[in-house]
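final25.tsv, holding TSV, C-alpha atoms and all ligand atoms:
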```
chain	number	residue	atom	x	y	z
G	1	MET	CA	-21.70	20.96	12.58
G	2	SER	CA	-18.97	22.94	14.38
G	3	ASP	CA	-15.81	21.24	15.63
G	4	SER	CA	-15.37	23.74	18.51
G	5	VAL	CA	-17.66	23.33	21.55
G	6	ALA	CA	-17.52	24.95	24.98
G	7	ASN	CA	-17.16	21.70	26.98
G	8	PRO	CA	-13.38	21.00	27.35
G	9	LEU	CA	-14.04	17.35	26.49
G	10	GLY	CA	-16.01	18.50	23.46
G	11	SER	CA	-13.15	18.57	20.99
G	12	PHE	CA	-12.33	14.95	21.87
G	13	LEU	CA	-15.95	13.86	21.56
G	14	GLU	CA	-17.01	15.88	18.52
G	15	SER	CA	-14.62	16.20	15.63
G	16	SER	CA	-14.87	15.30	11.98
G	17	ALA	CA	-12.80	12.13	12.48
G	18	VAL	CA	-14.82	11.09	15.57
G	19	ARG	CA	-18.12	11.48	13.72
G	20	ALA	CA	-16.81	9.46	10.78
G	21	ASP	CA	-15.46	6.70	13.08
G	22	ARG	CA	-18.79	6.46	14.91
G	23	ALA	CA	-20.78	6.34	11.69
G	24	MET	CA	-18.55	3.56	10.30
G	25	ALA	CA	-18.98	1.51	13.48
G	26	GLU	CA	-22.79	1.93	13.24
G	27	LEU	CA	-22.89	0.82	9.62
G	28	ARG	CA	-20.79	-2.27	10.43
G	29	SER	CA	-23.19	-3.10	13.27
G	30	GLY	CA	-26.12	-3.07	10.87
G	31	ARG	CA	-27.66	0.17	12.15
G	32	PRO	CA	-28.70	3.17	10.04
G	33	VAL	CA	-26.75	6.45	10.12
G	34	VAL	CA	-27.78	9.91	8.96
G	35	ILE	CA	-25.62	11.80	6.46
G	36	LEU	CA	-26.07	15.57	6.84
G	37	GLY	CA	-25.75	17.27	3.46
G	38	GLN	CA	-25.87	21.01	2.66
G	39	ASP	CA	-29.65	21.28	2.95
G	40	ARG	CA	-30.83	17.71	3.36
G	41	ARG	CA	-30.53	14.65	5.55
G	42	LEU	CA	-30.15	11.15	4.17
G	43	ALA	CA	-30.51	7.98	6.25
G	44	ALA	CA	-28.31	5.07	5.11
G	45	LEU	CA	-28.17	1.37	6.01
G	46	ALA	CA	-25.48	-0.99	4.66
G	47	LEU	CA	-27.13	-4.01	3.01
G	48	ASP	CA	-23.90	-5.92	3.70
G	49	ALA	CA	-24.56	-5.69	7.46
G	50	ALA	CA	-28.34	-5.18	7.85
G	51	SER	CA	-30.76	-7.71	9.34
G	52	GLU	CA	-34.26	-8.23	7.97
G	53	PRO	CA	-36.04	-6.49	10.93
G	54	VAL	CA	-33.85	-3.36	10.60
G	55	PHE	CA	-34.32	-3.37	6.81
G	56	SER	CA	-38.13	-3.54	7.18
G	57	ALA	CA	-38.24	-0.93	9.98
G	58	PHE	CA	-36.10	1.40	7.85
G	59	ILE	CA	-38.50	1.12	4.91
G	60	ASN	CA	-41.54	1.68	7.17
G	61	GLU	CA	-40.07	4.72	8.89
G	62	ALA	CA	-38.93	6.21	5.55
G	63	HIS	CA	-42.63	6.57	4.57
G	64	GLY	CA	-42.20	5.94	0.85
G	65	ASN	CA	-38.81	7.72	0.55
G	66	ALA	CA	-36.57	4.63	0.83
G	67	ARG	CA	-34.39	3.83	-2.20
G	68	LEU	CA	-31.76	1.22	-2.93
G	69	TYR	CA	-28.50	2.97	-3.83
G	70	VAL	CA	-26.24	1.10	-6.28
G	71	PRO	CA	-22.84	2.72	-6.99
G	72	SER	CA	-21.97	3.26	-10.66
G	73	ARG	CA	-19.32	0.54	-10.88
G	74	ARG	CA	-21.73	-2.06	-9.52
G	75	ALA	CA	-24.62	-0.69	-11.62
G	76	THR	CA	-22.51	-0.97	-14.79
G	77	SER	CA	-21.64	-4.58	-13.97
G	78	LEU	CA	-25.41	-5.27	-13.72
G	79	GLY	CA	-25.95	-3.70	-17.17
G	80	MET	CA	-27.57	-0.47	-15.92
G	81	ASP	CA	-26.74	2.85	-17.52
G	82	ALA	CA	-25.99	4.83	-14.35
G	83	PRO	CA	-22.74	6.82	-14.45
G	84	GLU	CA	-23.76	8.67	-11.26
G	85	GLY	CA	-24.97	5.53	-9.50
G	86	ALA	CA	-28.61	4.39	-9.37
G	87	LEU	CA	-31.52	4.82	-6.95
G	88	ILE	CA	-34.18	2.10	-7.10
G	89	ASP	CA	-37.60	2.03	-5.42
G	90	PRO	CA	-37.53	-0.98	-3.03
G	91	THR	CA	-41.32	-1.50	-3.12
G	92	GLY	CA	-41.97	-5.19	-3.66
G	93	ILE	CA	-38.25	-6.12	-3.36
G	94	SER	CA	-37.64	-8.69	-0.62
G	95	PHE	CA	-34.81	-8.36	1.92
G	96	ASP	CA	-32.99	-11.24	0.27
G	97	HIS	CA	-33.30	-9.75	-3.22
G	98	ALA	CA	-32.09	-6.36	-1.88
G	99	ARG	CA	-29.14	-7.97	-0.11
G	100	ARG	CA	-28.14	-9.82	-3.28
G	101	LEU	CA	-28.25	-6.48	-5.07
G	102	ALA	CA	-25.07	-5.66	-3.11
G	103	PHE	CA	-22.95	-8.55	-4.42
G	104	ALA	CA	-24.57	-11.12	-6.76
G	105	PRO	CA	-23.17	-11.28	-10.33
G	106	LYS	CA	-26.69	-11.68	-11.76
G	107	ILE	CA	-29.91	-10.40	-10.25
G	108	ALA	CA	-33.64	-10.76	-10.94
G	109	PRO	CA	-35.04	-7.83	-13.00
G	110	LEU	CA	-35.31	-4.54	-11.13
G	111	PRO	CA	-37.71	-1.62	-11.57
G	112	LEU	CA	-36.51	1.53	-13.39
G	113	HIS	CA	-33.94	3.64	-11.58
G	114	GLU	CA	-33.18	7.34	-11.18
G	115	ALA	CA	-29.68	8.86	-11.10
G	116	ALA	CA	-28.11	8.96	-7.63
G	117	ASP	CA	-27.03	12.21	-6.00
G	118	ALA	CA	-23.84	13.28	-4.22
G	119	THR	CA	-25.15	12.52	-0.70
G	120	ALA	CA	-26.02	8.93	-1.64
G	121	ARG	CA	-22.56	8.55	-3.21
G	122	SER	CA	-21.06	9.92	-0.01
G	123	ALA	CA	-22.93	7.21	1.96
G	124	GLY	CA	-21.46	4.58	-0.41
G	125	GLU	CA	-17.94	5.94	0.18
G	126	LEU	CA	-18.47	5.81	3.94
G	127	ALA	CA	-19.52	2.15	3.67
G	128	LYS	CA	-16.36	1.32	1.68
G	129	GLN	CA	-14.18	3.02	4.28
G	130	ALA	CA	-15.95	0.82	6.87
G	131	LEU	CA	-14.98	-2.27	4.79
G	132	LEU	CA	-18.57	-2.87	3.72
G	133	LEU	CA	-20.03	-3.26	0.24
G	134	PRO	CA	-21.10	0.16	-1.09
G	135	THR	CA	-24.69	-0.81	-2.08
G	136	LEU	CA	-27.08	0.64	0.53
G	137	LEU	CA	-30.63	1.35	1.52
G	138	VAL	CA	-31.06	5.15	1.78
G	139	ALA	CA	-33.90	7.58	2.46
G	140	ASP	CA	-34.38	11.33	2.26
G	141	LEU	CA	-35.62	12.51	5.65
G	142	PRO	CA	-38.11	15.18	6.64
G	143	SER	CA	-37.08	17.65	9.38
G	144	ALA	CA	-38.17	15.29	12.19
G	145	SER	CA	-38.27	11.51	11.99
G	146	ALA	CA	-37.52	8.28	13.85
G	147	PHE	CA	-34.02	8.46	12.33
G	148	ASP	CA	-33.20	11.44	14.61
G	149	ALA	CA	-32.01	8.84	17.16
G	150	CYS	CA	-29.29	7.61	14.74
G	151	VAL	CA	-25.63	8.61	14.77
G	152	SER	CA	-25.09	11.38	12.23
G	153	VAL	CA	-22.12	12.45	10.15
G	154	ASP	CA	-21.64	15.47	7.88
G	155	GLU	CA	-21.21	14.84	4.17
G	156	GLU	CA	-18.08	17.00	4.59
G	157	ASP	CA	-16.73	14.62	7.27
G	158	VAL	CA	-16.98	11.77	4.78
G	159	ALA	CA	-15.27	13.84	2.07
G	160	ARG	CA	-12.48	14.64	4.52
G	161	LEU	CA	-12.14	10.97	5.49
G	162	VAL	CA	-11.88	9.91	1.84
G	163	ALA	CA	-9.60	12.74	0.70
G	164	SER	CA	-6.98	12.81	3.40
G	165	ARG	CA	-6.71	10.49	6.28
G	166	SER	CA	-5.11	11.41	9.57
G	167	GLN	CA	-1.32	11.58	9.45
G	168	ASP	CA	-1.40	11.24	13.19
G	169	TYR	CA	0.03	7.81	14.08
G	170	SER	CA	1.69	7.08	17.40
G	171	LEU	CA	4.38	4.51	18.06
G	172	LEU	CA	3.19	2.08	20.75
G	173	THR	CA	5.71	-0.74	20.98
G	174	ARG	CA	9.18	-1.62	19.70
G	175	VAL	CA	10.23	-5.24	20.32
G	176	VAL	CA	12.76	-7.66	18.79
G	177	VAL	CA	11.15	-10.79	17.30
G	178	PRO	CA	13.41	-13.60	16.04
G	179	LEU	CA	12.50	-14.54	12.44
G	180	ARG	CA	13.56	-17.53	10.35
G	181	ASP	CA	16.39	-16.54	7.92
G	182	ILE	CA	16.55	-12.95	9.19
G	183	ASP	CA	19.37	-11.89	11.52
G	184	LYS	CA	17.64	-9.07	13.35
G	185	ALA	CA	14.05	-7.89	13.17
G	186	GLU	CA	12.41	-5.34	15.40
G	187	PHE	CA	8.60	-5.06	15.28
G	188	LEU	CA	7.12	-1.61	15.80
G	189	THR	CA	3.38	-1.10	16.23
G	190	PHE	CA	1.69	2.18	15.35
G	191	ARG	CA	-1.91	3.26	15.92
G	192	GLY	CA	-3.87	5.94	14.06
G	193	GLY	CA	-6.09	6.75	11.09
G	194	PRO	CA	-9.74	5.76	10.70
G	195	ALA	CA	-10.99	3.48	13.49
G	196	GLN	CA	-7.53	3.70	15.10
G	197	ARG	CA	-6.33	0.46	13.51
G	198	ASP	CA	-2.87	-0.91	14.37
G	199	GLN	CA	-0.18	-1.04	11.69
G	200	VAL	CA	3.17	-2.81	11.88
G	201	ALA	CA	6.64	-1.80	10.71
G	202	VAL	CA	9.50	-4.31	10.83
G	203	ILE	CA	12.98	-2.84	10.98
G	204	VAL	CA	15.39	-5.38	9.51
G	205	GLY	CA	19.02	-5.03	10.63
G	206	GLU	CA	20.27	-1.58	11.61
G	207	PRO	CA	19.65	0.67	8.62
G	208	ASP	CA	20.89	4.26	8.43
G	209	LEU	CA	17.52	6.02	8.37
G	210	SER	CA	19.08	9.31	7.23
G	211	GLY	CA	20.19	7.81	3.90
G	212	THR	CA	18.21	6.03	1.17
G	213	VAL	CA	16.42	3.24	3.05
G	214	PRO	CA	15.28	-0.05	1.44
G	215	VAL	CA	11.52	-0.18	2.14
G	216	ARG	CA	8.79	-2.66	1.26
G	217	ILE	CA	5.18	-1.58	1.79
G	218	HIS	CA	3.22	-4.83	1.89
G	219	SER	CA	-0.59	-5.01	2.04
G	220	ALA	CA	-1.97	-7.81	4.20
G	221	CYS	CA	-2.99	-10.99	2.38
G	222	LEU	CA	-4.19	-13.58	4.89
G	223	THR	CA	-4.51	-16.35	2.29
G	224	GLY	CA	-1.11	-15.75	0.70
G	225	ASP	CA	1.01	-14.49	3.62
G	226	VAL	CA	-0.20	-16.97	6.24
G	227	PHE	CA	-1.68	-19.96	4.41
G	228	GLY	CA	0.60	-20.06	1.36
G	229	SER	CA	-2.26	-19.72	-1.14
G	230	LEU	CA	-1.16	-20.41	-4.71
G	231	LYS	CA	-3.65	-17.87	-6.09
G	232	CYS	CA	-1.33	-14.89	-5.59
G	233	ASP	CA	2.36	-14.07	-5.08
G	234	CYS	CA	1.96	-12.27	-1.72
G	235	GLY	CA	3.51	-14.87	0.62
G	236	ASP	CA	6.59	-15.13	-1.60
G	237	GLN	CA	6.85	-11.36	-1.88
G	238	LEU	CA	6.68	-11.00	1.90
G	239	ARG	CA	9.50	-13.45	2.57
G	240	ILE	CA	11.61	-12.51	-0.48
G	241	GLY	CA	11.10	-8.85	0.45
G	242	LEU	CA	12.37	-9.33	4.02
G	243	LYS	CA	15.42	-11.25	2.77
G	244	ALA	CA	16.10	-8.64	0.06
G	245	ILE	CA	15.96	-5.84	2.65
G	246	GLN	CA	18.52	-7.71	4.75
G	247	ASP	CA	20.76	-8.29	1.70
G	248	LEU	CA	20.55	-4.56	0.87
G	249	GLY	CA	22.06	-3.79	4.30
G	250	GLY	CA	18.86	-3.44	6.33
G	251	GLY	CA	15.66	-1.43	5.97
G	252	ILE	CA	11.96	-1.43	6.78
G	253	LEU	CA	8.99	-3.62	5.88
G	254	ILE	CA	5.67	-1.90	6.57
G	255	TYR	CA	2.81	-4.41	6.86
G	256	LEU	CA	-0.43	-2.56	6.18
G	257	ASP	CA	-3.78	-3.72	7.49
G	258	GLN	CA	-5.50	-3.46	4.10
G	259	GLU	CA	-6.49	-6.96	3.12
G	260	GLY	CA	-7.92	-7.52	-0.35
G	261	ARG	CA	-6.51	-4.29	-1.83
G	262	GLY	CA	-8.37	-2.34	0.85
G	263	THR	CA	-11.74	-4.13	0.48
G	264	GLY	CA	-11.42	-6.47	3.49
G	265	ILE	CA	-11.22	-10.25	3.77
G	266	THR	CA	-14.95	-10.90	3.23
G	267	SER	CA	-15.09	-8.94	-0.01
G	268	LYS	CA	-11.86	-10.59	-1.16
G	269	MET	CA	-13.38	-14.02	-0.54
G	270	ARG	CA	-16.53	-13.03	-2.47
G	271	ALA	CA	-14.30	-11.85	-5.33
G	272	TYR	CA	-12.36	-15.16	-5.19
G	273	GLY	CA	-15.68	-17.01	-5.57
G	274	TYR	CA	-16.38	-15.06	-8.79
G	275	GLN	CA	-12.82	-15.65	-9.99
G	276	ASN	CA	-13.43	-19.40	-9.60
G	277	GLY	CA	-16.22	-18.84	-12.13
G	278	GLY	CA	-13.78	-17.30	-14.67
G	279	MET	CA	-13.58	-13.55	-13.90
G	280	ASP	CA	-10.27	-11.75	-13.41
G	281	THR	CA	-9.60	-10.00	-10.10
G	282	ILE	CA	-10.58	-6.52	-11.36
G	283	GLU	CA	-13.85	-7.73	-12.94
G	284	ALA	CA	-14.72	-9.58	-9.71
G	285	ASP	CA	-14.07	-6.47	-7.59
G	286	ALA	CA	-16.21	-4.36	-9.97
G	287	ILE	CA	-19.16	-6.75	-9.43
G	288	LEU	CA	-18.98	-5.77	-5.76
G	289	GLY	CA	-18.81	-2.04	-6.56
G	290	TYR	CA	-15.08	-1.55	-5.97
G	291	GLU	CA	-12.49	0.29	-8.04
G	292	ALA	CA	-9.48	-1.66	-9.32
G	293	ASP	CA	-7.48	-0.72	-6.21
G	294	GLU	CA	-9.02	0.77	-3.07
G	295	ARG	CA	-5.73	0.96	-1.13
G	296	ARG	CA	-4.17	4.05	0.39
G	297	TYR	CA	-0.69	4.50	1.72
G	298	ASP	CA	-1.23	7.29	4.27
G	299	ALA	CA	-0.33	5.02	7.18
G	300	ALA	CA	2.94	3.97	5.50
G	301	ILE	CA	3.82	7.59	4.76
G	302	ALA	CA	3.05	8.61	8.36
G	303	ILE	CA	5.22	5.74	9.69
G	304	LEU	CA	8.15	6.65	7.41
G	305	ARG	CA	7.88	10.29	8.51
G	306	HIS	CA	7.71	9.22	12.16
G	307	LEU	CA	10.94	7.26	11.69
G	308	GLY	CA	12.59	10.24	9.99
G	309	VAL	CA	12.91	8.51	6.60
G	310	GLY	CA	12.97	10.92	3.64
G	311	SER	CA	14.47	8.85	0.82
G	312	ILE	CA	13.77	5.21	-0.03
G	313	ASN	CA	14.63	2.33	-2.31
G	314	LEU	CA	11.11	0.91	-2.74
G	315	LEU	CA	10.81	-2.85	-3.14
G	316	THR	CA	7.81	-3.16	-5.46
G	317	ASN	CA	6.58	-3.89	-8.97
G	318	ASN	CA	3.60	-1.57	-8.53
G	319	PRO	CA	3.92	1.93	-10.07
G	320	SER	CA	0.95	3.30	-8.10
G	321	LYS	CA	2.85	2.75	-4.82
G	322	ILE	CA	5.73	4.81	-6.23
G	323	ALA	CA	3.30	7.59	-7.29
G	324	TRP	CA	1.68	7.68	-3.81
G	325	LEU	CA	5.04	7.96	-2.07
G	326	GLU	CA	6.31	10.64	-4.44
G	327	ARG	CA	3.12	12.71	-3.99
G	328	SER	CA	3.77	12.62	-0.23
G	329	GLY	CA	7.17	14.27	-0.60
G	330	ILE	CA	9.18	11.13	0.21
G	331	THR	CA	11.86	10.61	-2.45
G	332	VAL	CA	11.77	7.25	-4.22
G	333	ALA	CA	15.46	7.26	-5.15
G	334	ASP	CA	15.42	3.68	-6.40
G	335	ARG	CA	13.15	0.70	-7.04
G	336	THR	CA	13.96	-2.96	-6.48
G	337	PRO	CA	11.67	-5.58	-8.08
G	338	VAL	CA	10.17	-8.27	-5.82
G	339	VAL	CA	9.24	-11.30	-7.88
G	340	GLY	CA	7.66	-14.39	-6.35
G	341	ALA	CA	7.32	-17.78	-8.01
G	342	SER	CA	4.70	-18.18	-10.73
G	343	THR	CA	2.20	-21.01	-10.34
G	344	HIS	CA	-0.55	-22.30	-12.62
G	345	GLN	CA	-3.01	-20.78	-10.16
G	346	ASN	CA	-1.44	-17.29	-9.93
G	347	LEU	CA	-0.32	-16.70	-13.54
G	348	ARG	CA	-3.64	-15.12	-14.52
G	349	TYR	CA	-3.54	-12.91	-11.40
G	350	LEU	CA	-0.03	-11.75	-12.35
G	351	GLU	CA	-1.07	-11.19	-15.98
G	352	THR	CA	-4.01	-9.07	-14.79
G	353	LYS	CA	-1.66	-7.00	-12.59
G	354	VAL	CA	0.48	-6.25	-15.65
G	355	ARG	CA	-2.34	-5.73	-18.19
G	356	ARG	CA	-4.82	-3.83	-16.04
G	357	ALA	CA	-2.79	-2.24	-13.22
G	358	GLY	CA	0.49	-1.53	-15.05
G	359	HIS	CA	2.72	-3.65	-12.77
G	360	ILE	CA	6.31	-4.04	-13.92
G	361	LEU	CA	6.67	-7.81	-14.31
G	362	ASP	CA	8.15	-9.90	-17.12
G	363	ILE	CA	5.19	-12.19	-17.71
G	364	ALA	CA	6.78	-14.05	-20.65
G	365	ARG	CA	9.68	-14.95	-18.37
G	366	LEU	CA	7.37	-16.06	-15.53
G	367	ARG	CA	5.40	-18.22	-17.99
G	368	ALA	CA	8.63	-19.76	-19.32
G	369	ASP	CA	9.84	-20.46	-15.73
G	370	LEU	CA	6.58	-22.23	-15.03
G	371	GLU	CA	6.82	-24.36	-18.18
G	372	GLU	CA	10.37	-25.34	-17.22
G	373	THR	CA	9.29	-26.59	-13.80
G	374	ASP	CA	6.44	-28.71	-15.32
Q	1	LIG	N1	-9.60	-7.55	-4.00
Q	1	LIG	C1	-8.65	-8.45	-4.22
Q	1	LIG	N2	-7.49	-8.33	-3.56
Q	1	LIG	C2	-6.54	-9.24	-3.81
Q	1	LIG	C3	-6.72	-10.29	-4.70
Q	1	LIG	N3	-5.60	-11.05	-4.69
Q	1	LIG	C4	-4.73	-10.44	-3.83
Q	1	LIG	N4	-5.30	-9.36	-3.30
Q	1	LIG	C5	-4.74	-8.37	-2.38
Q	1	LIG	O1	-3.79	-7.62	-3.12
Q	1	LIG	C6	-2.87	-7.02	-2.22
Q	1	LIG	C7	-1.45	-7.30	-2.74
Q	1	LIG	O2	-0.60	-6.50	-1.98
Q	1	LIG	P1	0.92	-6.15	-2.32
Q	1	LIG	O3	1.67	-7.40	-2.60
Q	1	LIG	O4	1.39	-5.23	-1.24
Q	1	LIG	O5	0.82	-5.22	-3.57
Q	1	LIG	P2	1.02	-5.27	-5.09
Q	1	LIG	O6	-0.01	-4.35	-5.66
Q	1	LIG	O7	1.06	-6.67	-5.62
Q	1	LIG	O8	2.42	-4.56	-5.32
Q	1	LIG	P3	3.90	-5.10	-5.08
Q	1	LIG	O9	3.79	-6.43	-4.41
Q	1	LIG	O10	4.53	-4.05	-4.23
Q	1	LIG	O11	4.52	-5.18	-6.43
Q	1	LIG	C8	-3.16	-7.62	-0.85
Q	1	LIG	O12	-3.93	-6.69	-0.09
Q	1	LIG	C9	-3.99	-8.85	-1.18
Q	1	LIG	O13	-4.86	-9.23	-0.11
Q	1	LIG	C10	-7.95	-10.38	-5.39
Q	1	LIG	O14	-8.18	-11.24	-6.21
Q	1	LIG	N5	-8.90	-9.44	-5.11
Q	2	ZN	ZN	-2.23	-12.40	-1.91
```

Have the structure of the file written as structure tokens, please.
Ligand SMILES: Nc1nc2c(ncn2[C@@H]2O[C@H](COP(=O)(O)OP(=O)(O)OP(=O)(O)O)[C@@H](O)[C@H]2O)c(=O)[nH]1
Ligand SMILES: [Zn+2]
Amino acid sequence: MSDSVANPLGSFLESSAVRADRAMAELRSGRPVVILGQDRRLAALALDAASEPVFSAFINEAHGNARLYVPSRRATSLGMDAPEGALIDPTGISFDHARRLAFAPKIAPLPLHEAADATARSAGELAKQALLLPTLLVADLPSASAFDACVSVDEEDVARLVASRSQDYSLLTRVVVPLRDIDKAEFLTFRGGPAQRDQVAVIVGEPDLSGTVPVRIHSACLTGDVFGSLKCDCGDQLRIGLKAIQDLGGGILIYLDQEGRGTGITSKMRAYGYQNGGMDTIEADAILGYEADERRYDAAIAILRHLGVGSINLLTNNPSKIAWLERSGITVADRTPVVGASTHQNLRYLETKVRRAGHILDIARLRADLEETD
């Protein structure tokens, strides 16, 4: 589909990003979308959002072509051999069984599957970007069908959305907010990226933005940041990070709207449920079809660029944040660790961060601190 149309409003109404935004909104509302591939059209419905009537209508209108798409990570966790992802015939599978296929750790036996193709995988990626589980109902479409009334998106639009998100963020507000224990904090709101979500940067003190600026890039954690959950170290890291920025002479805390390592609050809560049953955080995310870390730092990079920051002292224990920033051309001149308190409930989470995500944390020390406080 071409991005240039004669109508002067056309470029605002029809662009790659607009099509992707519309398709994500449709999936979240439980409606099917059509993915336009090179020489095929694939209808897709997110099982995470679908209702039973839409599920049944989809299968009817697909005239025998409907398949359940299970991404490879999820398929592996269900014991299927499907490195490309799996396509399963939904005949005889109830709505409830199909829905559970998107998230349950164990599932009643399923019929044989075929390997999934790139367009189905593209639909799964689109669902993840829309903060939905990536297991879907899909169907290959003939040239004309009832699905022609659905919002459509090019496979290329999805690839573009996944590969490089818009760097176009605008500054909307800049307001001083008094914070406990912090002398001066100015909250800046930015808007941009997929679905035009708002992101927040907090400027602490009056840093010299032309030098090396202390920066913490913090991903939202409702349970830890707001409720003081003992399951993770996020709340501590947020407050310790702000204080450390102040002590370093001022800097910036960017608070990114990417709850649950980019999977959203509902998926994080599902993963917590599985962790209560003994899984670690990465195993629990894999059950849902997610990679170990689904976060991106494009918004943070765009905000730093907007503020004219080119060199930073990054407050983090996470090497993948450093790699993201360095790939963007921003110099990570220094790193400052941010270590919260260890608790009996978060020690395993911290150990998993070190063992499976390479975080730089002295676990033996954290364990010893915990034993001392017992
Ligand atoms: N999916 C998932 N996300 C989690 C879990 N526990 C915490 N999170 C999320 O993990 C993210 C932690 O964010 P940060 O503190 O910025 O990042 P970090 O990777 O720990 O790196 P640094 O704190 O910079 O060292 C937040 O988005 C949390 O919501 C979990 O069990 N599952
Ligand atoms: Zn947390």

Tell me, as a PDB file with C-alpha atoms, in the coordinates of the input, which residues lie within 12 Å of G:Leu78, counting all atoms listed in the file; anything in the same chain fewer than 5 positions away does not count.
```pdb
ATOM      1  CA  VAL G  70     -26.240   1.100  -6.280  1.00  0.00           C
ATOM      2  CA  PRO G  71     -22.840   2.720  -6.990  1.00  0.00           C
ATOM      3  CA  SER G  72     -21.970   3.260 -10.660  1.00  0.00           C
ATOM      4  CA  ARG G  73     -19.320   0.540 -10.880  1.00  0.00           C
ATOM      5  CA  GLY G  85     -24.970   5.530  -9.500  1.00  0.00           C
ATOM      6  CA  ALA G  86     -28.610   4.390  -9.370  1.00  0.00           C
ATOM      7  CA  ARG G 100     -28.140  -9.820  -3.280  1.00  0.00           C
ATOM      8  CA  LEU G 101     -28.250  -6.480  -5.070  1.00  0.00           C
ATOM      9  CA  ALA G 102     -25.070  -5.660  -3.110  1.00  0.00           C
ATOM     10  CA  PHE G 103     -22.950  -8.550  -4.420  1.00  0.00           C
ATOM     11  CA  ALA G 104     -24.570 -11.120  -6.760  1.00  0.00           C
ATOM     12  CA  PRO G 105     -23.170 -11.280 -10.330  1.00  0.00           C
ATOM     13  CA  LYS G 106     -26.690 -11.680 -11.760  1.00  0.00           C
ATOM     14  CA  ILE G 107     -29.910 -10.400 -10.250  1.00  0.00           C
ATOM     15  CA  ALA G 108     -33.640 -10.760 -10.940  1.00  0.00           C
ATOM     16  CA  PRO G 109     -35.040  -7.830 -13.000  1.00  0.00           C
ATOM     17  CA  LEU G 110     -35.310  -4.540 -11.130  1.00  0.00           C
ATOM     18  CA  GLU G 283     -13.850  -7.730 -12.940  1.00  0.00           C
ATOM     19  CA  ALA G 286     -16.210  -4.360  -9.970  1.00  0.00           C
ATOM     20  CA  ILE G 287     -19.160  -6.750  -9.430  1.00  0.00           C
ATOM     21  CA  LEU G 288     -18.980  -5.770  -5.760  1.00  0.00           C
ATOM     22  CA  GLY G 289     -18.810  -2.040  -6.560  1.00  0.00           C
TER      23      GLY G 289
END
```

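You can rank G:Met279, G:Ala43, G:Ala127, G:Ala220 by their closest distance to ligand ZN 2 (chain Q) using only C-alpha atoms and all ligand atoms, and at the top of that list sits G:Ala220.
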
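Taking all atoms listed in the file into account, every polymer residue with at least one atom at most 7 Å away from ligand LIG 1 (chain Q) is listed here: Ile217, His218, Ser219, Ala220, Cys221, Leu222, Cys232, Cys234, Gln237, Gln258, Glu259, Gly260, Arg261, Gly262, Thr263, Ser267, Lys268, Ala271, Tyr272, Thr281, Asp285, Leu315, Thr316, Asn317, Asn318, Val338 and His359 of chain G.
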
Which one of G:Asn276, G:Ser342, G:Gln129, G:Ser229 sits closest to ligand ZN 2 (chain Q) if you count all atoms listed in the file?
G:Ser229

Given only C-alpha atoms and all ligand atoms as the counted atoms, nearest of G:Val226, G:Ile203, G:Leu304, G:Ala120 to ligand ZN 2 (chain Q)
G:Val226

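Proximity to ligand ZN 2 (chain Q) was assessed for G:Leu325, G:Leu238, G:Ala75, G:Ala357 counting only C-alpha atoms and all ligand atoms; the smallest distance is recorded for G:Leu238.
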
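The coordinates place atom CA of G:Pro319 at 25.2 Å from atom CA of G:Asp208.
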
Near stretch 7-29 of chain G, 10 Å: stretch 36-107 of chain G residue rows, closest pairs, all atoms listed in the file, as a tab-separated table:
```
residue	atom	partner	partner_atom	distance
G:Ala44	CA	G:Leu27	CA	8.2
G:Leu45	CA	G:Leu27	CA	6.4
G:Ala46	CA	G:Leu27	CA	5.9
G:Leu47	CA	G:Leu27	CA	9.2
G:Asp48	CA	G:Arg28	CA	8.3
G:Ala49	CA	G:Arg28	CA	5.9
G:Ala50	CA	G:Ser29	CA	7.8
G:Ser51	CA	G:Ser29	CA	9.7
```

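The nearest approach to G:Leu161 among the residues G:Gly241, G:Pro142, G:Pro178, G:Pro194, with only C-alpha atoms taken into account, belongs to G:Pro194.
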
List as an mmCIF file with C-alpha atoms, keeping the file's coordinate frame the protein and nucleic acid residues near G:Glu351, meaning an atom at most 12 Å away when only C-alpha atoms are counted, but skip any in the same chain fewer than 4 places from it.
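Result file is selection.cif:
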```cif
data_model
loop_
_atom_site.group_PDB
_atom_site.id
_atom_site.type_symbol
_atom_site.label_atom_id
_atom_site.label_comp_id
_atom_site.auth_asym_id
_atom_site.auth_seq_id
_atom_site.Cartn_x
_atom_site.Cartn_y
_atom_site.Cartn_z
ATOM 1 C CA CYS G 232 -1.330 -14.890 -5.590
ATOM 2 C CA ASP G 233 2.360 -14.070 -5.080
ATOM 3 C CA ASP G 280 -10.270 -11.750 -13.410
ATOM 4 C CA THR G 281 -9.600 -10.000 -10.100
ATOM 5 C CA ILE G 282 -10.580 -6.520 -11.360
ATOM 6 C CA SER G 342 4.700 -18.180 -10.730
ATOM 7 C CA THR G 343 2.200 -21.010 -10.340
ATOM 8 C CA HIS G 344 -0.550 -22.300 -12.620
ATOM 9 C CA GLN G 345 -3.010 -20.780 -10.160
ATOM 10 C CA ASN G 346 -1.440 -17.290 -9.930
ATOM 11 C CA LEU G 347 -0.320 -16.700 -13.540
ATOM 12 C CA ARG G 355 -2.340 -5.730 -18.190
ATOM 13 C CA ARG G 356 -4.820 -3.830 -16.040
ATOM 14 C CA ALA G 357 -2.790 -2.240 -13.220
ATOM 15 C CA GLY G 358 0.490 -1.530 -15.050
ATOM 16 C CA HIS G 359 2.720 -3.650 -12.770
ATOM 17 C CA ILE G 360 6.310 -4.040 -13.920
ATOM 18 C CA LEU G 361 6.670 -7.810 -14.310
ATOM 19 C CA ASP G 362 8.150 -9.900 -17.120
ATOM 20 C CA ILE G 363 5.190 -12.190 -17.710
ATOM 21 C CA ALA G 364 6.780 -14.050 -20.650
ATOM 22 C CA ARG G 365 9.680 -14.950 -18.370
ATOM 23 C CA LEU G 366 7.370 -16.060 -15.530
ATOM 24 C CA ARG G 367 5.400 -18.220 -17.990
#
```
